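Everything below belongs to my_file-v4.tsv, which stores TSV, C-alpha atoms.
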chain	number	residue	atom	x	y	z
W	28	LEU	CA	0.00	0.00	0.00
W	29	ILE	CA	2.80	2.42	0.92
W	30	CYS	CA	4.64	1.64	-2.33
W	31	TYR	CA	1.53	2.19	-4.43
W	32	LEU	CA	0.70	5.48	-2.73
W	33	SER	CA	4.28	6.74	-3.03
W	34	GLU	CA	4.63	5.72	-6.68
W	35	HIS	CA	1.31	7.32	-7.66
W	36	GLY	CA	1.86	10.72	-6.09
W	37	PHE	CA	0.03	10.50	-2.77
W	38	ASP	CA	0.29	14.05	-1.41
W	39	HIS	CA	0.09	13.27	2.30
W	40	ALA	CA	2.54	11.77	4.75
W	41	ILE	CA	2.64	7.97	4.70
W	42	SER	CA	4.77	5.53	6.68
W	43	PRO	CA	4.52	2.14	8.41
W	44	LYS	CA	4.19	3.93	11.73
W	45	LEU	CA	1.25	6.00	10.47
W	46	LEU	CA	-0.46	2.90	9.08
W	47	SER	CA	-0.11	1.13	12.42
W	48	ASN	CA	-2.37	3.68	14.13
W	49	PRO	CA	-4.05	6.02	11.61
W	50	THR	CA	-6.57	8.72	12.33
W	51	SER	CA	-9.90	9.08	10.56
W	52	LYS	CA	-8.35	11.85	8.46
W	53	ASP	CA	-5.47	9.58	7.43
W	54	PHE	CA	-7.91	6.87	6.40
W	55	GLN	CA	-10.06	9.39	4.53
W	56	HIS	CA	-7.06	10.79	2.62
W	57	ILE	CA	-5.91	7.31	1.57
W	58	LEU	CA	-9.38	6.14	0.57
W	59	ILE	CA	-10.18	9.26	-1.46
W	60	PHE	CA	-6.82	8.98	-3.22
W	61	LEU	CA	-7.51	5.36	-4.19
W	62	LEU	CA	-11.05	6.10	-5.33
W	63	ARG	CA	-9.81	8.98	-7.45
W	64	GLN	CA	-7.70	6.49	-9.38
W	65	ILE	CA	-11.09	5.28	-10.64
W	66	ASP	CA	-12.89	8.62	-10.72
W	67	PRO	CA	-10.52	11.65	-10.61
W	68	SER	CA	-13.34	13.93	-9.46
W	69	TYR	CA	-14.53	11.73	-6.61
W	70	SER	CA	-15.34	13.30	-3.23
W	71	PHE	CA	-17.50	12.24	-0.32
W	72	GLN	CA	-21.08	13.40	-0.81
W	73	THR	CA	-22.48	12.89	2.68
W	74	ARG	CA	-21.00	11.50	5.86
W	75	LEU	CA	-17.83	9.41	5.72
W	76	GLU	CA	-19.40	6.28	7.18
W	77	ASP	CA	-22.33	6.39	4.75
W	78	ASP	CA	-20.28	7.05	1.61
W	79	VAL	CA	-17.61	4.46	2.41
W	80	ARG	CA	-20.13	1.70	3.02
W	81	ALA	CA	-22.11	2.61	-0.12
W	82	VAL	CA	-19.03	2.73	-2.36
W	83	TYR	CA	-17.66	-0.60	-1.14
W	84	LYS	CA	-21.05	-2.24	-1.47
W	85	GLN	CA	-21.33	-0.98	-5.04
W	86	LEU	CA	-17.84	-2.21	-5.88
W	87	GLY	CA	-18.80	-5.68	-4.68
W	88	TYR	CA	-16.69	-5.84	-1.53
W	89	PRO	CA	-17.55	-9.23	0.02
W	90	PHE	CA	-17.44	-8.12	3.68
W	91	PRO	CA	-19.64	-5.68	5.60
W	92	ILE	CA	-18.14	-2.45	6.93
W	93	SER	CA	-19.78	-1.23	10.11
W	94	LYS	CA	-20.40	2.40	10.96
W	95	SER	CA	-18.79	1.94	14.36
W	96	SER	CA	-15.49	0.89	12.76
W	97	LEU	CA	-15.46	4.11	10.72
W	98	HIS	CA	-15.97	6.15	13.88
W	99	ALA	CA	-12.86	4.60	15.46
W	100	VAL	CA	-10.56	3.95	12.52
W	101	GLY	CA	-7.31	3.46	14.43
W	102	SER	CA	-8.74	1.12	17.06
W	103	PRO	CA	-6.96	-2.26	17.31
W	104	HIS	CA	-10.33	-3.94	16.87
W	105	THR	CA	-11.40	-2.06	13.74
W	106	TRP	CA	-8.24	-1.06	11.87
W	107	PRO	CA	-7.28	-4.57	10.57
W	108	ALA	CA	-10.66	-4.91	8.83
W	109	LEU	CA	-10.43	-1.41	7.33
W	110	LEU	CA	-6.86	-2.03	6.23
W	111	GLY	CA	-8.09	-5.19	4.52
W	112	ALA	CA	-10.72	-3.12	2.71
W	113	LEU	CA	-8.02	-0.74	1.47
W	114	ALA	CA	-5.88	-3.70	0.36
W	115	TRP	CA	-8.84	-5.16	-1.57
W	116	LEU	CA	-9.40	-1.86	-3.38
W	117	LEU	CA	-5.67	-1.68	-4.08
W	118	GLU	CA	-5.79	-5.12	-5.72
W	119	LEU	CA	-8.54	-3.95	-8.08
W	120	LEU	CA	-6.54	-0.87	-9.03
W	121	THR	CA	-3.32	-2.84	-9.48
W	122	TYR	CA	-5.01	-5.35	-11.74
W	123	ASP	CA	-6.65	-2.66	-13.83
W	124	GLU	CA	-3.38	-0.78	-14.14
W	125	ALA	CA	-1.48	-3.89	-15.21
W	126	ALA	CA	-4.14	-4.72	-17.79
W	127	SER	CA	-4.07	-1.18	-19.18
W	128	ASN	CA	-0.29	-0.94	-19.33
W	129	LYS	CA	0.02	-4.20	-21.21
W	130	GLN	CA	-2.98	-3.37	-23.42
W	131	LEU	CA	-4.37	-6.83	-22.96
W	132	GLU	CA	-7.29	-7.84	-25.13
W	133	SER	CA	-9.91	-10.07	-23.58
W	134	GLU	CA	-9.39	-12.84	-26.13
W	135	GLU	CA	-5.67	-12.97	-25.30
W	136	LEU	CA	-6.26	-13.57	-21.60
W	137	ASP	CA	-6.65	-16.93	-19.95
W	138	ALA	CA	-10.07	-17.96	-18.66
W	139	GLU	CA	-9.60	-16.61	-15.13
W	140	ALA	CA	-8.15	-13.29	-16.33
W	141	GLN	CA	-11.00	-12.87	-18.82
W	142	GLY	CA	-13.52	-13.33	-16.02
W	143	ASN	CA	-11.71	-10.78	-13.86
W	144	ARG	CA	-11.58	-8.33	-16.75
W	145	ILE	CA	-15.32	-8.65	-17.45
W	146	PHE	CA	-16.21	-8.24	-13.79
W	147	PHE	CA	-13.93	-5.25	-13.30
W	148	ASP	CA	-15.42	-3.54	-16.36
W	149	TYR	CA	-18.83	-4.17	-14.83
W	150	LEU	CA	-17.73	-2.59	-11.55
W	151	GLU	CA	-16.41	0.48	-13.35
W	152	ARG	CA	-19.63	0.97	-15.28
W	153	THR	CA	-21.92	0.45	-12.29
W	154	TYR	CA	-19.78	2.80	-10.24
W	155	ASP	CA	-20.04	5.46	-12.94
W	156	SER	CA	-23.81	5.00	-12.94
W	157	PHE	CA	-23.86	5.23	-9.16
W	158	LEU	CA	-21.95	8.51	-9.26
W	159	GLY	CA	-24.45	9.75	-11.83
W	160	GLY	CA	-27.29	9.12	-9.41
W	161	ASP	CA	-28.57	5.92	-11.02
W	162	ASP	CA	-28.89	3.00	-8.63
W	163	ASN	CA	-30.76	0.70	-11.02
W	164	PHE	CA	-28.25	-1.67	-12.58
W	165	GLU	CA	-30.58	-4.25	-14.10
W	166	GLU	CA	-29.39	-3.52	-17.64
W	167	LEU	CA	-25.73	-3.73	-16.62
W	168	ASP	CA	-26.44	-6.88	-14.63
W	169	GLN	CA	-28.04	-8.45	-17.70
W	170	GLU	CA	-25.05	-7.48	-19.84
W	171	LEU	CA	-22.75	-9.07	-17.28
W	172	VAL	CA	-24.79	-12.28	-17.34
W	173	GLU	CA	-24.77	-12.34	-21.15
W	174	SER	CA	-21.01	-11.73	-21.24
W	175	PHE	CA	-20.40	-14.69	-18.97
W	176	GLU	CA	-22.85	-16.83	-20.96
W	177	VAL	CA	-20.94	-16.09	-24.17
W	178	LYS	CA	-17.66	-16.84	-22.42
W	179	ASN	CA	-19.06	-20.06	-20.96
W	180	GLN	CA	-20.31	-21.15	-24.39
W	181	LEU	CA	-16.83	-20.64	-25.83
W	182	VAL	CA	-15.39	-22.67	-22.98
W	183	ARG	CA	-17.93	-25.45	-23.58
W	184	GLU	CA	-17.05	-25.53	-27.29
W	185	GLU	CA	-13.36	-25.67	-26.44
W	186	ILE	CA	-14.00	-28.53	-24.01
W	187	GLU	CA	-15.93	-30.43	-26.70
W	188	SER	CA	-13.05	-29.91	-29.10
W	189	PHE	CA	-10.61	-31.23	-26.52
W	190	GLU	CA	-12.85	-34.24	-25.88
W	191	VAL	CA	-12.95	-35.09	-29.60
W	192	GLU	CA	-9.18	-34.75	-29.85
W	193	ASN	CA	-8.74	-36.83	-26.71
W	194	ALA	CA	-10.95	-39.58	-28.15
W	195	LYS	CA	-8.81	-39.67	-31.30
W	196	LEU	CA	-5.65	-39.93	-29.23
W	197	GLU	CA	-7.13	-42.73	-27.12
W	198	GLU	CA	-8.03	-44.62	-30.32
W	199	GLN	CA	-4.48	-44.24	-31.61
W	200	VAL	CA	-3.07	-45.45	-28.30
W	201	ALA	CA	-5.36	-48.49	-28.40
W	202	LYS	CA	-4.19	-49.36	-31.92
W	203	ILE	CA	-0.57	-49.05	-30.89
W	204	ARG	CA	-1.13	-51.32	-27.92
W	205	VAL	CA	-2.80	-53.99	-30.09
W	206	SER	CA	-0.26	-53.89	-32.90
W	207	GLU	CA	3.32	-55.03	-32.48
W	208	SER	CA	5.52	-52.24	-31.36
W	209	PRO	CA	8.17	-51.24	-33.95
W	210	LEU	CA	10.67	-51.27	-31.12
W	211	VAL	CA	9.82	-54.87	-30.27
W	212	ALA	CA	10.21	-55.87	-33.92
W	213	LEU	CA	13.57	-54.11	-34.14
W	214	ARG	CA	14.79	-55.83	-30.99
W	215	ALA	CA	13.76	-59.23	-32.37
W	216	ARG	CA	15.57	-58.44	-35.62
W	217	GLU	CA	18.61	-57.38	-33.63
W	218	LYS	CA	18.65	-60.74	-31.80
W	219	ASP	CA	18.41	-62.61	-35.11
W	220	LEU	CA	21.32	-60.63	-36.53
W	221	GLU	CA	23.37	-61.24	-33.40
W	222	ALA	CA	22.69	-64.99	-33.67
W	223	ASN	CA	23.71	-64.98	-37.35
W	224	LEU	CA	26.83	-63.01	-36.48
W	225	ASP	CA	27.81	-65.65	-33.93
W	226	LYS	CA	27.33	-68.33	-36.59
W	227	PHE	CA	29.51	-66.44	-39.06
W	228	ARG	CA	32.20	-65.97	-36.44
W	229	LYS	CA	32.24	-69.70	-35.70
W	230	LEU	CA	32.34	-70.49	-39.42
W	231	ILE	CA	35.24	-68.09	-39.94
W	232	GLU	CA	37.06	-69.69	-37.00
W	233	GLU	CA	36.52	-73.17	-38.46
W	234	LEU	CA	37.71	-72.03	-41.90
W	235	GLU	CA	40.77	-70.44	-40.33
W	236	ASN	CA	41.59	-73.69	-38.51
W	237	TYR	CA	41.06	-75.66	-41.72
W	238	ARG	CA	43.33	-73.27	-43.63
W	239	THR	CA	46.04	-73.63	-40.99
W	240	LYS	CA	45.82	-77.44	-41.02
W	241	THR	CA	45.76	-77.52	-44.83
W	242	ALA	CA	48.81	-75.27	-45.03
W	243	ALA	CA	50.63	-77.61	-42.64
W	244	ARG	CA	49.72	-80.67	-44.72
W	245	VAL	CA	50.81	-78.92	-47.92
W	246	GLN	CA	54.14	-78.11	-46.31
W	247	GLU	CA	54.53	-81.72	-45.26
W	248	LYS	CA	53.81	-82.88	-48.83
W	249	LYS	CA	56.32	-80.41	-50.22
W	250	GLU	CA	58.98	-81.69	-47.86
W	251	GLU	CA	58.04	-85.27	-48.76
W	252	VAL	CA	58.30	-84.49	-52.50
W	253	LEU	CA	61.68	-82.83	-52.00
W	254	SER	CA	62.89	-85.86	-50.07
W	255	ARG	CA	61.72	-88.22	-52.81
W	256	GLU	CA	63.29	-86.07	-55.50
W	257	LYS	CA	66.53	-86.21	-53.56
W	258	ASP	CA	66.26	-90.00	-53.32
W	259	LEU	CA	65.52	-90.28	-57.04
W	260	LYS	CA	68.54	-88.17	-57.89
W	261	GLN	CA	70.69	-90.32	-55.65
W	262	ASN	CA	69.31	-93.49	-57.26
W	263	ALA	CA	69.92	-92.07	-60.71
W	264	ALA	CA	73.51	-91.26	-59.76
W	265	ASP	CA	74.01	-94.77	-58.40
W	266	ILE	CA	72.63	-96.27	-61.62
W	267	GLU	CA	75.01	-94.16	-63.68
W	268	LYS	CA	77.91	-95.38	-61.58
W	269	LEU	CA	76.85	-98.98	-62.10
W	270	LYS	CA	76.56	-98.45	-65.83
W	271	VAL	CA	80.07	-97.01	-65.93
W	272	ALA	CA	81.41	-99.91	-63.87
W	273	ILE	CA	79.72	-102.50	-66.10
W	274	ALA	CA	81.02	-100.82	-69.22
W	275	GLN	CA	84.51	-100.80	-67.77
W	276	GLN	CA	84.35	-104.50	-66.96
W	277	GLU	CA	83.19	-105.38	-70.47
W	278	SER	CA	85.98	-103.33	-71.93
W	279	ASP	CA	88.60	-105.08	-69.82
W	280	ALA	CA	87.35	-108.51	-70.83

Rendering of file as structure tokens:
Amino acid sequence: LICYLSEHGFDHAISPKLLSNPTSKDFQHILIFLLRQIDPSYSFQTRLEDDVRAVYKQLGYPFPISKSSLHAVGSPHTWPALLGALAWLLELLTYDEAASNKQLESEELDAEAQGNRIFFDYLERTYDSFLGGDDNFEELDQELVESFEVKNQLVREEIESFEVENAKLEEQVAKIRVSESPLVALRAREKDLEANLDKFRKLIEELENYRTKTAARVQEKKEEVLSREKDLKQNAADIEKLKVAIAQQESDA
């Protein structure tokens, strides 16, 4: 409250100490300042206790304000309730200021903010009528009801749209649950490939062993052939020697 008053040019002294035990004049200055944020020309028309109660009732304040509390503003028994009333009015002003500064359009607000915006507009219009001396708000009340009916219809249509979309999603989920999951199929395929890979590895190992054994046998055969060739050469040499010896004997005879 102190921050709001200070930031908006409150032209009277204000401090936590003053707010802990204000006088009727202090309360009146603060209240008039806040109400003039709604209506710059506002001033009390009759007695303080009558105007305050009438204004708060018109604004829709949900709690009663007694005349006795307005006669003893700073009393420990009455001031907390009156301070709460000021805080409630401050919340309305803060919301309206934030909405105006951001230039929010009703259709851009969420559901709760739209409702607040509609109701605050209603309060402003009824308050203007009240200041103009008109205390019959049936037409404004009807407009408020119609505004909420339109809003509620839009919400119902949006809910129906969500329900249709939700039904489609549930149907898709059901189909996915019934059909085999692509992930399950991929995992099964992965297991098959791993099994085939193990088979290929074993086959390669067997072929490698066979190649090693075959190479060893080939080497043995080569060595055997070389040995036989050596024997054949030796036999051929021996035969040649015998032929020479026989020829020599025949010549000597």

Inset, instruction - Record the distance separating CA of Gln55 (chain W) and CA of Ser156 (chain W), expressed in Å with one decimal. - result: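 Result for CA of Gln55 (chain W) versus CA of Ser156 (chain W): 22.7 Å, one decimal.
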
Inset, instruction - Find the distance between CA of Leu75 (chain W) and CA of Leu62 (chain W) and write it in Å to one decimal. - result: 13.4 Å

Legend entry - Among listed residues W:Lys249, W:Ile92, W:Glu235, W:Leu259, nearest Pro107 (chain W) (using only C-alpha atoms):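 Of W:Lys249, W:Ile92, W:Glu235, W:Leu259, the one nearest Pro107 (chain W), counting only C-alpha atoms, is W:Ile92.
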
Legend entry - Between CA of Glu251 (chain W) and CA of Asp265 (chain W), distance in Å (one decimal): 20.9 Å

Go ahead and fit an axis-aligned box to every listed atom of region 87-97 of chain W plus 4 Å each side, and pass me the centre and edge lengths in Å, one decimal, as JSON.
{"center_x": -17.9, "center_y": -2.6, "center_z": 4.8, "size_x": 12.9, "size_y": 21.3, "size_z": 27.0}
